[in-house]
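Quick notes on the structure that follows.
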Amino acid sequence: MEKLLKERYEYVFEKKLVDEIIREGQFRKIDKDICIIDKGDKITYMPLILEGAIKIVDEDKDGHEYLLYYLEIGDSCAMTMTCCLGGKKSEIRAITESNTLIYMIPIQRMEDWLIKYKSWRMFVFESYESRMKEMLETIDSLAFLNMEQRLYKYLKNRAMVLQSPSLEITHSRIANDLNTSRVVISRLIKKLILDDKITTNRNHVTVLEFSPKA
């Protein structure tokens with residue numbers, strides 16, 4: 001697994017930093033649908049994603065979850081970084097979207113590396129920028145797209161993150177992520193089928209217009 005870590009980051013970080021990351025952190029394999037960070041948790045490590053995907057969610061005052069953004073291979077969570085550097089408890093919930101391999105970096109090393117390594121500073125700043133763009137995109141979707149458009153965008157984004165047009169997912173799960181009812185999702189799924197945008201089978205949705213990442 002160290003070889004995989006080096007392959008992912010040897011062109012991103014200085015060699016000395018990669019060596020330190022390997023020395024200081026540890027690998028963790030996590031099954032699908034596992035909450036790895038919950039709201040109110042004390043953050044003790046920052047995750048680097050080597051395989052799989054993680055969704056970051058928040059919840060409203062009534063306890064309803066809503067999706068903020070996805071983390072993919074090579075990503076880390078800017079909101080987790082903020083909690084790490086500020087000594088705060090987690091303000092988000094992180095849940096694995098597939099079987100996932102992460103590398104856990106102790107938070108004690110993050111601040112040291114910000115001073116010591118330019119590549120780490122750039123990685124942190126770029127992570128903040130990427131996550132901010134994704135959160136703004138989420139806000140735009142809530143403000144300007146109707147539920148059918150939001151649903152189709154959600155399905156396409158999830159297919160892209162998981163690198164597969166076939167999604168194993170229930171209507172209830174989609175409704176939870178989009179903070180709406182299962183009845184509404186079921187109705188809109190039927191509409192997307194009629195529009196030849198998706199097909200469905202038992203607990204599966206296939207996005208027909210799918211282009212995997214290079």
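Order determines the names: the first chain of the structure tokens is A, the second B, and so forth; residues in each chain are numbered 1 upward, and ligands are numbered 1 upward as they are shown.
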Closest contacts (stretch 110-133 of chain A/stretch 29-48 of chain A, max 12 Å, only C-alpha atoms) as JSON lines:
{"residue": "A:Met110", "atom": "CA", "partner": "A:Met46", "partner_atom": "CA", "distance": 8.4}
{"residue": "A:Glu111", "atom": "CA", "partner": "A:Met46", "partner_atom": "CA", "distance": 11.8}
{"residue": "A:Phe123", "atom": "CA", "partner": "A:Leu48", "partner_atom": "CA", "distance": 11.2}
{"residue": "A:Val124", "atom": "CA", "partner": "A:Met46", "partner_atom": "CA", "distance": 11.3}
{"residue": "A:Ser127", "atom": "CA", "partner": "A:Leu48", "partner_atom": "CA", "distance": 11.3}
Taking C-alpha atoms for each residue, export the selection above as a PDB file, in the first residue's frame.
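Writing done, so here's part24.pdb:
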ATOM      1  CA  MET A 110      -0.352  19.368   9.597  1.00  0.00           C
ATOM      2  CA  GLU A 111       0.729  22.727  10.991  1.00  0.00           C
ATOM      3  CA  PHE A 123      -2.353  21.181  -1.424  1.00  0.00           C
ATOM      4  CA  VAL A 124      -4.221  22.682   1.546  1.00  0.00           C
ATOM      5  CA  SER A 127      -8.343  21.754  -1.292  1.00  0.00           C
TER       6      SER A 127
END
Can you pull out every residue within 10 Å of stretch 12-21 of chain A, counting only C-alpha atoms, but drop anything in the same chain fewer than 4 positions away, and send it as a PDB file with N, CA and C atoms, in the first residue's frame?
ATOM      1  N   GLU A   2       2.065   1.138   0.540  1.00  0.00           N
ATOM      2  CA  GLU A   2       2.970   2.290   0.477  1.00  0.00           C
ATOM      3  C   GLU A   2       3.277   2.668  -0.968  1.00  0.00           C
ATOM      4  N   LEU A   5       0.469   4.794  -2.229  1.00  0.00           N
ATOM      5  CA  LEU A   5       0.573   6.151  -1.682  1.00  0.00           C
ATOM      6  C   LEU A   5       1.623   6.955  -2.430  1.00  0.00           C
ATOM      7  N   LYS A   6       2.765   6.338  -2.697  1.00  0.00           N
ATOM      8  CA  LYS A   6       3.817   7.039  -3.439  1.00  0.00           C
ATOM      9  C   LYS A   6       3.366   7.379  -4.848  1.00  0.00           C
ATOM     10  N   GLU A   7       2.689   6.439  -5.493  1.00  0.00           N
ATOM     11  CA  GLU A   7       2.211   6.681  -6.859  1.00  0.00           C
ATOM     12  C   GLU A   7       1.214   7.842  -6.908  1.00  0.00           C
ATOM     13  N   ARG A   8       0.353   7.943  -5.883  1.00  0.00           N
ATOM     14  CA  ARG A   8      -0.655   8.998  -5.857  1.00  0.00           C
ATOM     15  C   ARG A   8      -0.032  10.381  -5.646  1.00  0.00           C
ATOM     16  N   GLY A  25       1.827   8.422   9.200  1.00  0.00           N
ATOM     17  CA  GLY A  25       0.418   8.045   9.093  1.00  0.00           C
ATOM     18  C   GLY A  25       0.187   6.546   9.105  1.00  0.00           C
ATOM     19  N   GLN A  26      -1.059   6.172   8.840  1.00  0.00           N
ATOM     20  CA  GLN A  26      -1.405   4.753   8.769  1.00  0.00           C
ATOM     21  C   GLN A  26      -2.573   4.548   7.816  1.00  0.00           C
ATOM     22  N   GLY A  74      -7.362  11.086  -4.187  1.00  0.00           N
ATOM     23  CA  GLY A  74      -6.436  12.206  -4.189  1.00  0.00           C
ATOM     24  C   GLY A  74      -6.910  13.401  -3.387  1.00  0.00           C
ATOM     25  N   TYR A 103      -5.603   7.173   3.973  1.00  0.00           N
ATOM     26  CA  TYR A 103      -4.362   7.252   4.737  1.00  0.00           C
ATOM     27  C   TYR A 103      -4.564   8.333   5.776  1.00  0.00           C
ATOM     28  N   MET A 104      -4.424   7.972   7.035  1.00  0.00           N
ATOM     29  CA  MET A 104      -4.731   8.876   8.135  1.00  0.00           C
ATOM     30  C   MET A 104      -3.468   9.588   8.604  1.00  0.00           C
ATOM     31  N   ILE A 105      -3.492  10.922   8.495  1.00  0.00           N
ATOM     32  CA  ILE A 105      -2.353  11.741   8.911  1.00  0.00           C
ATOM     33  C   ILE A 105      -2.670  12.393  10.256  1.00  0.00           C
ATOM     34  N   PRO A 106      -1.817  12.204  11.271  1.00  0.00           N
ATOM     35  CA  PRO A 106      -2.077  12.828  12.581  1.00  0.00           C
ATOM     36  C   PRO A 106      -2.141  14.352  12.459  1.00  0.00           C
ATOM     37  N   ARG A 109       0.887  16.904  12.761  1.00  0.00           N
ATOM     38  CA  ARG A 109       1.883  17.141  11.724  1.00  0.00           C
ATOM     39  C   ARG A 109       1.443  18.207  10.719  1.00  0.00           C
ATOM     40  N   TRP A 113       3.912  20.935   8.671  1.00  0.00           N
ATOM     41  CA  TRP A 113       4.127  20.801   7.229  1.00  0.00           C
ATOM     42  C   TRP A 113       3.737  22.065   6.465  1.00  0.00           C
ATOM     43  N   LYS A 116       6.847  23.959   6.706  1.00  0.00           N
ATOM     44  CA  LYS A 116       8.042  23.272   6.204  1.00  0.00           C
ATOM     45  C   LYS A 116       8.015  22.997   4.708  1.00  0.00           C
ATOM     46  N   TYR A 117       6.814  22.742   4.148  1.00  0.00           N
ATOM     47  CA  TYR A 117       6.742  22.271   2.758  1.00  0.00           C
ATOM     48  C   TYR A 117       5.798  23.133   1.917  1.00  0.00           C
ATOM     49  N   LYS A 118       6.319  23.687   0.845  1.00  0.00           N
ATOM     50  CA  LYS A 118       5.505  24.492  -0.068  1.00  0.00           C
ATOM     51  C   LYS A 118       4.411  23.642  -0.712  1.00  0.00           C
ATOM     52  N   SER A 119       4.729  22.414  -1.095  1.00  0.00           N
ATOM     53  CA  SER A 119       3.741  21.560  -1.764  1.00  0.00           C
ATOM     54  C   SER A 119       2.554  21.260  -0.849  1.00  0.00           C
ATOM     55  N   TRP A 120       2.813  21.126   0.459  1.00  0.00           N
ATOM     56  CA  TRP A 120       1.714  20.880   1.390  1.00  0.00           C
ATOM     57  C   TRP A 120       0.829  22.121   1.512  1.00  0.00           C
ATOM     58  N   ARG A 121       1.435  23.302   1.564  1.00  0.00           N
ATOM     59  CA  ARG A 121       0.654  24.543   1.608  1.00  0.00           C
ATOM     60  C   ARG A 121      -0.237  24.651   0.379  1.00  0.00           C
ATOM     61  N   MET A 122       0.321  24.346  -0.792  1.00  0.00           N
ATOM     62  CA  MET A 122      -0.456  24.426  -2.026  1.00  0.00           C
ATOM     63  C   MET A 122      -1.598  23.411  -2.007  1.00  0.00           C
ATOM     64  N   PHE A 123      -1.332  22.219  -1.498  1.00  0.00           N
ATOM     65  CA  PHE A 123      -2.353  21.181  -1.424  1.00  0.00           C
ATOM     66  C   PHE A 123      -3.507  21.629  -0.533  1.00  0.00           C
TER      67      PHE A 123
END
Polymer residues at most 10 Å from A:Thr80, only C-alpha atoms, same-chain spacing of 3 or more positions, as a ChimeraX atom specification: /A:37,43-47,76-77,83-86,88-94,107
Generate the output file for the selected residues, C-alpha atoms, as a short mmCIF file (atom, residue, chain, number, x, y, z; two decimals), in the first residue's frame.
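Result saved to again.cif:
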data_model
loop_
_atom_site.label_atom_id
_atom_site.label_comp_id
_atom_site.auth_asym_id
_atom_site.auth_seq_id
_atom_site.Cartn_x
_atom_site.Cartn_y
_atom_site.Cartn_z
CA ILE A 37 -16.34 11.25 11.03
CA ILE A 43 -10.65 15.29 14.92
CA THR A 44 -7.44 13.36 15.50
CA TYR A 45 -6.41 12.73 11.90
CA MET A 46 -6.84 14.09 8.38
CA PRO A 47 -7.76 11.56 5.68
CA SER A 76 -8.91 15.55 1.36
CA CYS A 77 -11.63 17.40 3.24
CA CYS A 83 -11.15 21.66 12.38
CA CYS A 84 -7.66 20.14 12.61
CA LEU A 85 -5.84 23.46 12.45
CA GLY A 86 -8.32 25.23 14.72
CA LYS A 88 -12.37 22.36 16.76
CA LYS A 89 -14.80 19.46 16.79
CA SER A 90 -16.20 18.24 13.48
CA GLU A 91 -19.04 20.26 11.98
CA ILE A 92 -19.78 17.72 9.23
CA ARG A 93 -20.45 14.01 8.75
CA ALA A 94 -18.25 11.93 6.42
CA ILE A 107 -3.28 16.41 13.01
#
For atom CA of A:Ser98 and atom CA of A:Ile54, the interatomic separation in Å (one decimal): 7.5 Å
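With only C-alpha atoms as the basis for measurement, A:Thr82 is the residue among A:Ser181, A:Thr82, A:Ser186, A:Ser164 that approaches A:Tyr128 most closely.
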In stretch 45-211 of chain A, DSSP strand (DSSP E) residues written as an MDAnalysis selection string: chainID A and resid 45:51 54:59 65:71 93:96 100:106 166:168 198:201 204:207
Who sits within 9 Å of A:Asn179, only C-alpha atoms, same chain under 2 positions skipped, as a list of chain:residue names: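 Residues meeting the cut-off are A:His64, A:Glu65, A:Tyr66, A:Leu67, A:Ile174, A:Ala175, A:Asn176, A:Asp177, A:Ser181.
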Include N, CA and C atoms and write out the residues we just selected as a PDB file, in the first residue's frame.
ATOM      1  N   HIS A  64     -32.351  16.706   9.442  1.00  0.00           N
ATOM      2  CA  HIS A  64     -32.357  16.182   8.078  1.00  0.00           C
ATOM      3  C   HIS A  64     -31.001  16.426   7.424  1.00  0.00           C
ATOM      4  N   GLU A  65     -30.403  15.371   6.890  1.00  0.00           N
ATOM      5  CA  GLU A  65     -29.108  15.502   6.225  1.00  0.00           C
ATOM      6  C   GLU A  65     -29.259  16.126   4.835  1.00  0.00           C
ATOM      7  N   TYR A  66     -28.211  16.819   4.400  1.00  0.00           N
ATOM      8  CA  TYR A  66     -28.138  17.254   3.009  1.00  0.00           C
ATOM      9  C   TYR A  66     -26.687  17.187   2.550  1.00  0.00           C
ATOM     10  N   LEU A  67     -26.537  16.799   1.300  1.00  0.00           N
ATOM     11  CA  LEU A  67     -25.220  16.560   0.724  1.00  0.00           C
ATOM     12  C   LEU A  67     -24.499  17.873   0.444  1.00  0.00           C
ATOM     13  N   ILE A 174     -31.593   8.400  -1.952  1.00  0.00           N
ATOM     14  CA  ILE A 174     -31.540   9.619  -2.775  1.00  0.00           C
ATOM     15  C   ILE A 174     -32.323  10.741  -2.104  1.00  0.00           C
ATOM     16  N   ALA A 175     -33.529  10.408  -1.616  1.00  0.00           N
ATOM     17  CA  ALA A 175     -34.365  11.410  -0.955  1.00  0.00           C
ATOM     18  C   ALA A 175     -33.658  11.992   0.255  1.00  0.00           C
ATOM     19  N   ASN A 176     -32.941  11.142   0.991  1.00  0.00           N
ATOM     20  CA  ASN A 176     -32.217  11.613   2.164  1.00  0.00           C
ATOM     21  C   ASN A 176     -31.106  12.578   1.764  1.00  0.00           C
ATOM     22  N   ASP A 177     -30.351  12.240   0.718  1.00  0.00           N
ATOM     23  CA  ASP A 177     -29.254  13.097   0.270  1.00  0.00           C
ATOM     24  C   ASP A 177     -29.760  14.435  -0.251  1.00  0.00           C
ATOM     25  N   SER A 181     -38.712  13.977  -0.089  1.00  0.00           N
ATOM     26  CA  SER A 181     -39.420  12.745   0.257  1.00  0.00           C
ATOM     27  C   SER A 181     -39.170  11.652  -0.783  1.00  0.00           C
TER      28      SER A 181
END
Two-atom distance - atom CA of A:Thr200, atom CA of A:Phe144 (Å): 26.9 Å
Within 12 Å of A:Lys190, counting only C-alpha atoms, which residues qualify if same-chain residues fewer than 3 places away don't, as a JSON list (two decimals) with N, CA and C atoms, in the first residue's frame?
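Here's the written file result02.json:
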[["chain", "number", "residue", "atom", "x", "y", "z"],
["A", 148, "GLU", "N", -36.25, 18.09, -10.20],
["A", 148, "GLU", "CA", -35.90, 17.14, -11.26],
["A", 148, "GLU", "C", -34.47, 17.39, -11.75],
["A", 151, "LEU", "N", -32.03, 16.27, -9.09],
["A", 151, "LEU", "CA", -31.93, 14.81, -9.05],
["A", 151, "LEU", "C", -31.03, 14.29, -10.15],
["A", 152, "TYR", "N", -31.21, 14.78, -11.36],
["A", 152, "TYR", "CA", -30.40, 14.30, -12.48],
["A", 152, "TYR", "C", -28.94, 14.69, -12.30],
["A", 171, "HIS", "N", -34.38, 4.69, -3.55],
["A", 171, "HIS", "CA", -35.07, 5.97, -3.61],
["A", 171, "HIS", "C", -35.01, 6.69, -2.27],
["A", 183, "VAL", "N", -41.41, 9.75, -2.03],
["A", 183, "VAL", "CA", -42.48, 9.82, -3.02],
["A", 183, "VAL", "C", -42.11, 10.76, -4.16],
["A", 184, "VAL", "N", -41.55, 11.92, -3.82],
["A", 184, "VAL", "CA", -41.12, 12.88, -4.84],
["A", 184, "VAL", "C", -40.03, 12.28, -5.72],
["A", 185, "ILE", "N", -39.05, 11.61, -5.11],
["A", 185, "ILE", "CA", -37.96, 11.00, -5.88],
["A", 185, "ILE", "C", -38.50, 9.92, -6.80],
["A", 186, "SER", "N", -39.39, 9.07, -6.31],
["A", 186, "SER", "CA", -39.96, 8.00, -7.14],
["A", 186, "SER", "C", -40.67, 8.57, -8.36],
["A", 187, "ARG", "N", -41.40, 9.66, -8.16],
["A", 187, "ARG", "CA", -42.11, 10.29, -9.28],
["A", 187, "ARG", "C", -41.13, 10.85, -10.30],
["A", 193, "ILE", "N", -36.80, 8.35, -16.55],
["A", 193, "ILE", "CA", -36.86, 7.13, -17.38],
["A", 193, "ILE", "C", -37.56, 7.43, -18.69],
["A", 194, "LEU", "N", -38.69, 8.11, -18.62],
["A", 194, "LEU", "CA", -39.45, 8.46, -19.82],
["A", 194, "LEU", "C", -38.66, 9.37, -20.74],
["A", 195, "ASP", "N", -37.80, 10.20, -20.16],
["A", 195, "ASP", "CA", -36.96, 11.11, -20.95],
["A", 195, "ASP", "C", -35.69, 10.45, -21.46],
["A", 196, "ASP", "N", -35.54, 9.14, -21.23],
["A", 196, "ASP", "CA", -34.36, 8.37, -21.68],
["A", 196, "ASP", "C", -33.06, 8.89, -21.10],
["A", 197, "LYS", "N", -33.11, 9.35, -19.85],
["A", 197, "LYS", "CA", -31.90, 9.83, -19.19],
["A", 197, "LYS", "C", -31.30, 8.77, -18.26],
["A", 198, "ILE", "N", -32.18, 7.88, -17.77],
["A", 198, "ILE", "CA", -31.73, 6.81, -16.89],
["A", 198, "ILE", "C", -32.55, 5.54, -17.16],
["A", 199, "THR", "N", -32.04, 4.43, -16.66],
["A", 199, "THR", "CA", -32.83, 3.21, -16.57],
["A", 199, "THR", "C", -32.72, 2.72, -15.13],
["A", 200, "THR", "N", -33.65, 1.87, -14.71],
["A", 200, "THR", "CA", -33.62, 1.38, -13.34],
["A", 200, "THR", "C", -33.86, -0.12, -13.30],
["A", 201, "ASN", "N", -33.32, -0.73, -12.27],
["A", 201, "ASN", "CA", -33.59, -2.11, -11.90],
["A", 201, "ASN", "C", -33.69, -2.10, -10.39],
["A", 205, "VAL", "N", -29.79, 2.33, -10.35],
["A", 205, "VAL", "CA", -30.09, 3.36, -11.35],
["A", 205, "VAL", "C", -28.90, 3.44, -12.28]]
Which of chain A DSSP labels alpha helix (DSSP H), written as a VMD selection string: chain A and resid 2 to 9 15 to 24 78 to 86 107 to 116 118 to 144 147 to 162 171 to 178 182 to 194
Shell of 12 Å around A:Thr138, only C-alpha atoms, local chain residues under 3 positions omitted, as a list in words: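 The neighbour list is Ile56, Val57, Tyr66, Leu67, Leu68, Tyr69, Tyr70, Arg131, Met132, Lys133, Glu134, Met135, Ser141, Leu142, Ala143, Phe144, Leu145, Arg150, Lys153, Tyr154, Asn157, Asp177 and Leu178 of chain A.
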Among the residues A:Glu51, A:Asp140, A:Glu126, A:Glu168, the one that comes closest to A:Thr100 [using only C-alpha atoms]: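 The closest residue to A:Thr100 is A:Glu51.
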Between atom CA of A:Ile102 and atom CA of A:Phe210 - distance in Å to one decimal: 26.4 Å
Residue nearest A:Pro165 - candidates A:Glu209, A:Glu129, A:Asp60, A:Glu137, atoms counted: only C-alpha atoms: A:Glu209
